[in-house]
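Here's the structure we're looking at; comments come further down.
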Amino acid sequence: MNKKLIFTFFVFSILFIMGCKDNSHPGYEYMPNMYNSPSIETYEEHVVDQYDGTPVKGTVARGYKNLYTNKYTDTITDYLLSGENVTYPSDFEKNTKNLDDGKELYSIFCAHCHGDKGEGGSSGKIKDAAGIYSEIPSYKDNIAPRRSGGPMSDLREGHMFHAITYGYNAMGPHASLISEEERWKIIYYIKEELQK
Amino acid sequence: MAVINKNILTEIISRSFFIVFLLISVVTHSQSVTETSSIEEGKNLFESQGCKGCHSLGTIRKTGPGLYGVFERWDNDEAKLIRYIQNPADPEFGIVAMPAHPLPDNQIRSILMYINSYEPPVVSAEDNVVMEKTEDESLSYELILLIATVVLILLILLLTSVKNSLKESVSENTETIFQTIRRLVTVNPNKLILGFILLIFVLRIVYDTLMGVGVVEKYEPAQPIQFSHKVHAGDNQIDCNYCHTSARHSKTASIPSANLCMNCHTYINEGPISGTKEIQKIYDAVGFDPETRTYIDGYEQKPIEWIRVHQLPDLAYFNHSQHVSVANLECQQCHGNVQEKGLGAVATSEELNQIEFNIKDGVKFDHPTLTMGWCIDCHRQKTVDMENNDYYMEMHSKLIEKHGKEAFSVETIGGLECGKCHY
């Protein structure tokens with residue numbers, strides 16, 4: 001009887017150890033206190049008095065100057081104003097480097113919906129069940145007046161900048177993803193390569 | 001005389017052209033004035049004027065609402081609806097504007113006739129039954145295993161009882177299952193060999209456990225949302241950098257925030273694998289109503305608590321932008337073919353050795369991923385691409401002068417110095 005108990009215990013302990021090889025657990029560390037510091041790491045849960053995790057009021061993230069969003073809001077009036085008044089910043093150079101950067105940024109942030117050549121329609125790679133992202137207008141589109149008053153092919157830099165910043169219809173706002181400088185590079189690439 | 005004649009001739013010709021032009025324009029104008037509206041014309045206009053892009057004829061909501069029952073929603077006021085389509089920005093309406101479509105009244109009437117002629121297809125009871133059946137067929141793996149286990153145990157019991165009844169019939173001694181197992185184990189002629197095999201077995205387990213300390217390969221924690229990288233980065237080919245925005249210019253690759261999910265999921269409410277179930281979790285977090293496509297006022301938003309998968313110990317410094325933007329590495333070289341997997345997981349080094357970019361770069365890993373040996377493997381083998389890289393432009397010429405060769409590994413430019421990562 002006793003022998004049988006020991007044997008079953010032995011079998012079960014082996015099974016238990018083998019069962020521990022489970023992918024939902026990160027495993028063990030030699031010295032955990034060298035792995036985890038008392039300072040707050042990125043994405044760590046934390047409790048700090050009077051701090052809720054949002055950026056401190058009045059601070060500006062590097063590369064995000066927000067010169068635009070202070071002036072133009074997400075309204076149709078500001079969209080039209082932006083189209084009239086906003087153009088490339090004075091320190092933006094129209095050179096091949098910015099064009100290449102724009103091309104790369106376009107392929108990261110735009111191509112999966114607008115298509116590699118900006119031709120819209122079903123050339124985008126996103127295939128949703130309702131087909132919303134297969135009906136995107138081409139940058140060279142001449143039909144139906146858009147909200148700018150003209151067709152897509154007549155869009156000005158300011159219109160595009162507003163659209164990237166605040167989004168429109170099925171396009172979400174991309175202000176938090178793409179810095180202002182990068183937005184100008186993308187617009188430069190679209191104007192130079194995709195609308196010509 | 002001949003000159004005058006020529007002048008008169010040209011004048012006659014030009015005048016006659018003008019009259020013909022006038023006639024043509026009057027005819028075409030009168031055609032548009034005759035206000036003929038037809039369903040066929042409406043169909044063509046619906047497709048060519050871009051209505052189709054934002055509206056479905058049924059009840060499905062695309063960018064704009066589905067058009068079934070649109071007349072009831074506008075209190076059957078056709079004139080008002082036509083005015084709205086021509087100029088939605090008019091303050092008379094006070095609702096979100098679609099692009100203006102300044103078409104003549106009769107053409108819009110054609111479109112409306114076409115919209116009105118649509119009848120939603122009747123879903124028959126048979127279709128519903130078929131759909132339910134397909135759902136039932138996808139039995140989970142665990143359930144199949146469980147059924148198999150139960151069947152096997154029943155089989156053992158059955159065979160034992162058959163054997164016992166046969167033995168009884170020839171009046172031999174019967175034994176239960178436990179007695180059989182015990183006899184097989186204890187009545188072993190050479191207990192030493194059995195003990196030795198068991199010892200090796202146990203030692204192997206102890207060795208594996210100890211070597212696994214500090215190794216996180218294959219770590220794949222359950223996440224609050226059953227996210228699929230395959231659907232996003234594989235099937236729909238969204239670039240990794242779209243969601244992991246900060247990998248290009250910061251230390252961490254960033255777990256996307258919910259506002260980034262909402263860039264697409266404002267409109268995509270249903271996924272190919274889990275339907276609306278998992279996407280609804282984003283809406284629960286941010287307070288979004290997919291029916292009306294609006295954010296709920298005063299909703300207490302809560303973060304989606306993703307579990308971090310790749311976490312280096314605090315004693316090691318790592319920077320994504322150095323590897324993504326400067327070294328121009330592909331994400332797959334360290335993370336494996338994530339676009340073919342579901343949830344985020346730590347790739348194994350065997351898996352990384354199969355990646356074509358690593359084969360091309362001549363990198364072969366011998367150590368488990370996310371250990372120091374693994375970093376060193378690559379830093380010793382990978383040739384730094386200095387040719388098309390502004391970052392190394394000046395440095396490269398200096399290095400050629402110093403070492404007298406063209407290609408340099410990361411090691412040559414100080415990639416193995418302790419202080420680079422541990423300080």
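Labeling convention for the structure tokens: chains A, B, ... as they appear, residues from 1 per chain, ligands from 1 in order of appearance.
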>> Taking only C-alpha atoms into account, find every residue of chain B that has an atom no more than 7 Å from chain A, and write it out as number ranges by chain.
In response: B: 49-50, 53, 62-63, 99-101, 213-216, 218-222, 236-239, 241-242, 245, 263-264, 267-268, 313-315
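Between Asn66 in chain A and the residues A:Ser13, A:Ser179, A:Ser123, A:Thr87, the shortest atom-to-atom distance, using only C-alpha atoms, involves A:Ser179.
Counting only C-alpha atoms and comparing A:Ser138, A:Thr77, A:Ser82, A:Thr96, the residue that lies closest to Asp116 in chain A is A:Ser138.
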>> I need the residues of range 195-382 of chain B that end up classed as strand (DSSP E or B) by DSSP on the backbone, written out as a list in words.
In response: Gly271, Gly275, Phe288, Asp289, Thr294 and Tyr295 of chain B
Would you save the residues from that selection as a tab-separated table (two decimals), in the first residue's frame, using C-alpha atoms?
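File again.tsv, as written:
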chain	number	residue	atom	x	y	z
B	271	GLY	CA	-13.20	40.69	-37.72
B	275	GLY	CA	-16.55	38.51	-35.35
B	288	PHE	CA	-17.71	53.92	-28.34
B	289	ASP	CA	-21.09	52.97	-29.74
B	294	THR	CA	-20.11	58.05	-31.80
B	295	TYR	CA	-18.22	58.21	-28.52
>> With only C-alpha atoms as the counted atoms, please give the residues lying no more than 12 Å from Lys191 in chain A, apart from itself and same-chain residues fewer than 3 positions off, as an MDAnalysis selection string.
In response: chainID A and resid 88 94 99 102:103 106 117:118 139:140 152:158 160 184:188 194:196
> So which bits of range 35-206 of chain B end up alpha helix (DSSP H) when you DSSP the backbone, as a ChimeraX atom specification?
Replying inline: /B:39-48,51-54,70-73,78-86,105-116,125-137,141-169,177-186,191-206
> So what do you get for CA of Tyr79 in chain A versus CA of His159 in chain A, distance-wise?
Replying inline: 6.2 Å
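For the atom pair formed by CA of Gly373 in chain B and CA of Glu356 in chain B, the distance is 21.2 Å, given to one decimal.
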